[in-house]
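J.: Structure below; questions to follow.
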Amino acid sequence: MRALLAVAGMLGHGGSPPERARVRLMATGAGLATWFLFGAANVLALHGRLDQRFGPIADPGTRGGTAFGIALLLLPVTAFLYQSGRLAAADRERRLSALRLAGATPREVRILGAVEVTRTAVLGTVVGAASYLLLQLGARSLLPPRSPADVDVPPLWGLAAMAIVIGAAAVSGLLAGRHVIATPLGVTRRANVRPPRWYGLLLLLPPCTVTLAVWLLYTFVDPGGSPDTVRTVDLLSLLLLPVALMWSAGWVVWFAARWVGRRAGSAETLLASRALEADARPWGRTLAVVGLTVSIGTGVGLFEADFLSMRDLDPFAVTSFTLLSLALLVAIVVTAAALLVHQAESLLERGPVMAALRAGGASERELRRVLTRQGLIASVPVCGLAVAASLVTMAVNLWLQDAWSLWAIGHSLLLGGLSVLATVLVTRVSRRRLHRVIAPGRLRTE
């Protein structure tokens with residue numbers, strides 16, 4: 001074990017720039033995960049009734065749901081950590097293979113991978129916990145004396161949150177490079193031509209059919225039924241929609257890339273679609289979180305329409321919906337960061353190909369258009385499917401809202417548009433990295 005720790009220390013001081021960037025990004029993701037877990041624990045630690053201006057944390061009956069909502073923000077952070085772990089994956093696999101060929105056992109390689117990832121997670125978790133507690137200390141100093149909101153994070157809960165993040169990192173480190181540990185002789189990076197599974201699309205049927213059944217029941221069998229019952233059944237069916245989007249996003253991206261590639265009218269579109277078709281799964285995993293955000297945003301828009309129709313905009317409702325909108329924006333921003341990391345990882349792997357295209361006469365502007373169209377081909381169908389499925393699932397509720405249903409529809413369309421815009425901006429931000437990737441030096445093989 002001492003020798004393994006020494007090897008891990010030597011590897012930690014070396015590494016290429018992408019590997020060092022991966023360490024920083026994974027530490028940032030661990031810090032964000034710690035932040036959200038500390039926030040959920042902080043909400044659960046509150047007691048008694050607070051001022052209604054605090055929104056959903058003011059009422060003891062809504063604090064559990066608020067803490068759960070904060071914990072759901074771990075989903076985009078998970079996508080960010082996954083894409084960060086893929087950065088410079090080829091270098092990491094070659095290094096693990098070299099250790100295996102040098103005589104390291106599979107158990108030792110697994111421990112080494114766990115130590116490497118856990119060390120990064122500990123650093124990010126400690127920094128995240130310290131920054132949260134410092135910010136919370138400053139916020140508590142602004143509260144009036146003996147305020148019920150002046151509550152610290154319980155130490156045991158804080159330690160449990162840190163242990164969860166570090167434990168998850170250790171497990172991911174143990175599972176990393178499984179095929180390398182099995183056989184170190186076939187380490188190479190190749191396109192995965194097998195398309196993702198389409199079975200996830202079947203999960204879209206229950207929400208839509210439940211909505212149709214509820215509408216028929218309410219219209220023809222029991223016209224005097226309670227609208228609250230209809231809304232409850234419809235909202236419960238909406239819970240299955242994010243699961244369907246998570247399972248089907250990869251196939252949707254692959255199918256859209258294949259469809260566009262067969263009808264491409266320009267070289268940029270053809271290159272973008274074929275590259276996306278060869279590696280659709282990472283885009284699908286990250287954009288599935290975007291679909292989840294859009295579906296949740298549709299439900300939020302429906303509740304906002306309920307309050308607007310009743311003209312019941314008290315401070316509790318205003319604060320609650322403001323916090324929900326901020327949480328949705330945070331989810332989109334974190335997911336966009338995950339897409340940015342995936343863009344960097346993709347450029348690292350395809351760097352020689354892009355450099356060869358540049359040397360063959362393609363301009364840098366044309367290569368930038370390839371990246372932009374790749375983002376559009378991936379994001380538009382997934383976000384469009386999320387918007388359409390959410391609106392179909394909520395059709396009965398939207399019908400009961402009359403004119404105020406336009407608010408929920410606009411809310412869903414706005415989130416879908418913002419998600420597509422964030423994806424396009426990610427490709428724009430990658431302009432400097434693309435300039436470095438297509439440098440002539442990338443063509444050297446000696």
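Ordered as shown in the structure tokens, chains take letters A, B, and onward, while each chain numbers its residues from 1 and ligands are numbered from 1 in the order shown.
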Pick out the residues sitting within 9 Å of stretch 353-358 of chain A, and hand them over as a ChimeraX atom specification; count only C-alpha atoms, and ignore anything fewer than 3 positions along from it in its own chain.

T.: /A:347,349-350,361-364,367,434,437-443

J.: Considering only C-alpha atoms, return as a PDB file with N, CA, C and O atoms, in the first residue's frame whatever protein or nucleic-acid residues lie within 9 Å of A:Met246, sequence-local ones (same chain, fewer than 2 positions apart) excluded.

T.:
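And here is the file that came out, around-v6.pdb:
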ATOM      1  N   GLY A 200     -35.969   3.367 -24.450  1.00  0.00           N
ATOM      2  CA  GLY A 200     -36.416   4.422 -23.539  1.00  0.00           C
ATOM      3  C   GLY A 200     -37.603   5.198 -24.061  1.00  0.00           C
ATOM      4  O   GLY A 200     -38.365   5.781 -23.273  1.00  0.00           O
ATOM      5  N   LEU A 241     -41.911  11.131 -16.943  1.00  0.00           N
ATOM      6  CA  LEU A 241     -41.356  11.773 -18.132  1.00  0.00           C
ATOM      7  C   LEU A 241     -39.844  11.982 -18.028  1.00  0.00           C
ATOM      8  O   LEU A 241     -39.119  11.689 -18.993  1.00  0.00           O
ATOM      9  N   PRO A 242     -39.300  12.503 -16.908  1.00  0.00           N
ATOM     10  CA  PRO A 242     -37.830  12.640 -16.841  1.00  0.00           C
ATOM     11  C   PRO A 242     -37.098  11.320 -17.005  1.00  0.00           C
ATOM     12  O   PRO A 242     -36.025  11.278 -17.611  1.00  0.00           O
ATOM     13  N   VAL A 243     -37.666  10.222 -16.478  1.00  0.00           N
ATOM     14  CA  VAL A 243     -37.024   8.917 -16.637  1.00  0.00           C
ATOM     15  C   VAL A 243     -36.964   8.528 -18.109  1.00  0.00           C
ATOM     16  O   VAL A 243     -35.938   8.039 -18.605  1.00  0.00           O
ATOM     17  N   ALA A 244     -38.064   8.770 -18.824  1.00  0.00           N
ATOM     18  CA  ALA A 244     -38.083   8.466 -20.254  1.00  0.00           C
ATOM     19  C   ALA A 244     -37.067   9.303 -21.016  1.00  0.00           C
ATOM     20  O   ALA A 244     -36.384   8.800 -21.918  1.00  0.00           O
ATOM     21  N   SER A 248     -33.831   7.872 -23.225  1.00  0.00           N
ATOM     22  CA  SER A 248     -33.979   7.959 -24.684  1.00  0.00           C
ATOM     23  C   SER A 248     -33.176   9.079 -25.316  1.00  0.00           C
ATOM     24  O   SER A 248     -33.122   9.152 -26.547  1.00  0.00           O
ATOM     25  N   ALA A 249     -32.549   9.964 -24.532  1.00  0.00           N
ATOM     26  CA  ALA A 249     -31.867  11.131 -25.112  1.00  0.00           C
ATOM     27  C   ALA A 249     -30.729  10.712 -26.040  1.00  0.00           C
ATOM     28  O   ALA A 249     -30.539  11.309 -27.109  1.00  0.00           O
ATOM     29  N   GLY A 250     -29.963   9.694 -25.658  1.00  0.00           N
ATOM     30  CA  GLY A 250     -28.851   9.252 -26.505  1.00  0.00           C
ATOM     31  C   GLY A 250     -29.320   8.763 -27.865  1.00  0.00           C
ATOM     32  O   GLY A 250     -28.715   9.082 -28.894  1.00  0.00           O
ATOM     33  N   GLY A 284     -26.022  12.646 -25.325  1.00  0.00           N
ATOM     34  CA  GLY A 284     -27.321  12.235 -24.813  1.00  0.00           C
ATOM     35  C   GLY A 284     -27.382  12.261 -23.304  1.00  0.00           C
ATOM     36  O   GLY A 284     -28.376  12.712 -22.716  1.00  0.00           O
ATOM     37  N   ARG A 285     -26.327  11.795 -22.633  1.00  0.00           N
ATOM     38  CA  ARG A 285     -26.337  11.781 -21.169  1.00  0.00           C
ATOM     39  C   ARG A 285     -26.430  13.186 -20.611  1.00  0.00           C
ATOM     40  O   ARG A 285     -27.135  13.434 -19.623  1.00  0.00           O
ATOM     41  N   LEU A 287     -27.473  16.046 -22.269  1.00  0.00           N
ATOM     42  CA  LEU A 287     -28.711  16.712 -22.676  1.00  0.00           C
ATOM     43  C   LEU A 287     -29.934  16.099 -22.014  1.00  0.00           C
ATOM     44  O   LEU A 287     -30.991  16.740 -21.970  1.00  0.00           O
ATOM     45  N   ALA A 288     -29.825  14.877 -21.489  1.00  0.00           N
ATOM     46  CA  ALA A 288     -30.945  14.314 -20.736  1.00  0.00           C
ATOM     47  C   ALA A 288     -31.248  15.160 -19.504  1.00  0.00           C
ATOM     48  O   ALA A 288     -32.412  15.309 -19.114  1.00  0.00           O
ATOM     49  N   VAL A 289     -30.213  15.724 -18.883  1.00  0.00           N
ATOM     50  CA  VAL A 289     -30.428  16.616 -17.742  1.00  0.00           C
ATOM     51  C   VAL A 289     -31.147  17.886 -18.191  1.00  0.00           C
ATOM     52  O   VAL A 289     -31.973  18.441 -17.467  1.00  0.00           O
ATOM     53  N   GLY A 291     -33.322  17.977 -20.644  1.00  0.00           N
ATOM     54  CA  GLY A 291     -34.712  17.557 -20.768  1.00  0.00           C
ATOM     55  C   GLY A 291     -35.414  17.486 -19.428  1.00  0.00           C
ATOM     56  O   GLY A 291     -36.593  17.868 -19.299  1.00  0.00           O
ATOM     57  N   LEU A 292     -34.704  17.006 -18.409  1.00  0.00           N
ATOM     58  CA  LEU A 292     -35.264  16.976 -17.063  1.00  0.00           C
ATOM     59  C   LEU A 292     -35.598  18.386 -16.595  1.00  0.00           C
ATOM     60  O   LEU A 292     -36.659  18.640 -16.006  1.00  0.00           O
TER      61      LEU A 292
END

J.: Do you know which residues are at most 12 Å from A:Leu329 counting only C-alpha atoms, after dropping those on the same chain fewer than 3 positions away, and could you put them as a list of chain:residue names?

T.: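 Neighbouring residues, sequence-local ones excluded: A:Leu73, A:Pro76, A:Val290, A:Thr293, A:Val294, A:Ile296, A:Gly297, A:Thr322, A:Leu323, A:Leu324, A:Ser325, A:Leu326, A:Ile332, A:Val333, A:Val334, A:Thr335, A:Ala336, A:Leu414, A:Leu415, A:Gly416, A:Leu418, A:Ser419, A:Ala422.
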
J.: Residues of stretch 195-438 of chain A in alpha helix (DSSP H) according to DSSP, as a ChimeraX atom specification?

T.: /A:205-216,227-238,240-262,267-278,281-309,315-349,351-359,364-393,395-401,405-429,431-437

J.: A:Ala163, A:Leu137, A:Ala331, A:Ala45: which is nearest A:Ala71, counting only C-alpha atoms?

T.: A:Ala331

J.: Record the distance separating atom CA of A:Ala40 and atom CA of A:Leu74, expressed in Å with one decimal.

T.: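 Computing the Euclidean distance for atom CA of A:Ala40 and atom CA of A:Leu74 yields 11.0 Å.
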
J.: Give me, as a ChimeraX atom specification, all polymer residues having an atom no more than 9 Å from A:Ala129, counting only C-alpha atoms and skipping those fewer than 4 positions away in the same chain.

T.: /A:31,34-35,38,124-125,133-134,158,162

J.: Save the residues we just selected, N, CA, C and O atoms, as a PDB file, in the first residue's frame?

T.:
ATOM      1  N   GLY A  31     -16.940  20.221  -5.125  1.00  0.00           N
ATOM      2  CA  GLY A  31     -17.315  21.370  -4.320  1.00  0.00           C
ATOM      3  C   GLY A  31     -18.769  21.771  -4.532  1.00  0.00           C
ATOM      4  O   GLY A  31     -19.487  22.097  -3.565  1.00  0.00           O
ATOM      5  N   THR A  34     -21.007  19.320  -2.748  1.00  0.00           N
ATOM      6  CA  THR A  34     -21.000  19.586  -1.308  1.00  0.00           C
ATOM      7  C   THR A  34     -21.876  20.784  -0.971  1.00  0.00           C
ATOM      8  O   THR A  34     -22.601  20.788   0.031  1.00  0.00           O
ATOM      9  N   TRP A  35     -21.824  21.800  -1.794  1.00  0.00           N
ATOM     10  CA  TRP A  35     -22.659  22.983  -1.602  1.00  0.00           C
ATOM     11  C   TRP A  35     -24.135  22.615  -1.558  1.00  0.00           C
ATOM     12  O   TRP A  35     -24.868  23.028  -0.652  1.00  0.00           O
ATOM     13  N   PHE A  38     -25.015  20.534   1.539  1.00  0.00           N
ATOM     14  CA  PHE A  38     -25.031  21.382   2.719  1.00  0.00           C
ATOM     15  C   PHE A  38     -26.279  22.265   2.731  1.00  0.00           C
ATOM     16  O   PHE A  38     -26.879  22.510   3.797  1.00  0.00           O
ATOM     17  N   GLY A 124     -11.802  19.103  -3.318  1.00  0.00           N
ATOM     18  CA  GLY A 124     -12.976  19.877  -3.704  1.00  0.00           C
ATOM     19  C   GLY A 124     -14.024  19.933  -2.612  1.00  0.00           C
ATOM     20  O   GLY A 124     -14.659  20.973  -2.398  1.00  0.00           O
ATOM     21  N   THR A 125     -14.203  18.822  -1.876  1.00  0.00           N
ATOM     22  CA  THR A 125     -15.211  18.786  -0.820  1.00  0.00           C
ATOM     23  C   THR A 125     -14.841  19.713   0.330  1.00  0.00           C
ATOM     24  O   THR A 125     -15.689  20.449   0.856  1.00  0.00           O
ATOM     25  N   LEU A 133     -19.681  27.393   4.493  1.00  0.00           N
ATOM     26  CA  LEU A 133     -19.801  27.817   5.887  1.00  0.00           C
ATOM     27  C   LEU A 133     -19.405  29.282   6.059  1.00  0.00           C
ATOM     28  O   LEU A 133     -20.021  30.007   6.852  1.00  0.00           O
ATOM     29  N   LEU A 134     -18.402  29.735   5.313  1.00  0.00           N
ATOM     30  CA  LEU A 134     -18.021  31.146   5.406  1.00  0.00           C
ATOM     31  C   LEU A 134     -19.124  32.049   4.867  1.00  0.00           C
ATOM     32  O   LEU A 134     -19.452  33.081   5.472  1.00  0.00           O
ATOM     33  N   GLY A 158     -23.336  17.567   8.101  1.00  0.00           N
ATOM     34  CA  GLY A 158     -22.282  18.079   7.223  1.00  0.00           C
ATOM     35  C   GLY A 158     -21.229  17.030   6.937  1.00  0.00           C
ATOM     36  O   GLY A 158     -20.791  16.863   5.783  1.00  0.00           O
ATOM     37  N   MET A 162     -20.249  15.305   3.269  1.00  0.00           N
ATOM     38  CA  MET A 162     -18.895  15.196   2.749  1.00  0.00           C
ATOM     39  C   MET A 162     -18.519  13.737   2.494  1.00  0.00           C
ATOM     40  O   MET A 162     -17.872  13.413   1.490  1.00  0.00           O
TER      41      MET A 162
END

J.: So the first atom is atom CA of A:Leu202 and the second is atom CA of A:Val382; what is the distance between them in Å, to one decimal place?

T.: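 Going from atom CA of A:Leu202 over to atom CA of A:Val382 covers 15.5 Å.
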
J.: What separation in Å, quoted to one decimal, exists between atom CA of A:Glu304 and atom CA of A:Ala408?

T.: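 A separation of 7.6 Å between them.
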
J.: Select, from A:Ala264, A:Leu328, A:Leu308, A:Ala256, the residue with the minimum atom-to-atom distance to A:Ser379, counting only C-alpha atoms.

T.: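 Comparing A:Ala264, A:Leu328, A:Leu308, A:Ala256 against A:Ser379, the winner is A:Ala256.
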
J.: Closest to A:Leu376 among A:Val330, A:Ala257, A:Ala395, A:Val429, using only C-alpha atoms?

T.: A:Ala257

J.: What's around A:Leu204 at 12 Å? Count only C-alpha atoms, leave out sequence neighbours fewer than 3 positions away in its own chain, and write the answer as a short mmCIF file (atom, residue, chain, number, x, y, z; two decimals) with C-alpha atoms, in the first residue's frame.

T.:
data_model
loop_
_atom_site.label_atom_id
_atom_site.label_comp_id
_atom_site.auth_asym_id
_atom_site.auth_seq_id
_atom_site.Cartn_x
_atom_site.Cartn_y
_atom_site.Cartn_z
CA TRP A 198 -34.31 3.09 -28.40
CA TYR A 199 -36.30 1.31 -25.69
CA GLY A 200 -36.42 4.42 -23.54
CA LEU A 201 -38.94 5.93 -25.95
CA PRO A 207 -47.55 9.81 -19.39
CA CYS A 208 -49.28 10.58 -22.69
CA THR A 209 -51.82 7.75 -22.43
CA VAL A 210 -52.59 8.60 -18.80
CA THR A 211 -53.26 12.17 -19.85
CA SER A 237 -47.77 10.87 -14.60
CA LEU A 238 -45.33 13.70 -15.25
CA LEU A 239 -42.85 12.06 -12.86
CA LEU A 240 -42.23 9.29 -15.40
CA LEU A 241 -41.36 11.77 -18.13
CA PRO A 242 -37.83 12.64 -16.84
CA VAL A 243 -37.02 8.92 -16.64
CA ALA A 244 -38.08 8.47 -20.25
CA LEU A 245 -35.97 11.43 -21.33
CA MET A 246 -32.94 10.13 -19.45
CA TRP A 247 -33.20 6.73 -21.19
CA SER A 248 -33.98 7.96 -24.68
CA ALA A 249 -31.87 11.13 -25.11
CA LEU A 385 -38.89 16.33 -27.48
CA ALA A 386 -38.76 17.49 -23.85
CA ALA A 388 -43.47 18.51 -26.69
CA ALA A 389 -43.69 15.58 -24.26
CA SER A 390 -44.11 17.91 -21.28
CA VAL A 392 -48.68 16.69 -24.08
CA THR A 393 -48.42 15.22 -20.59
#
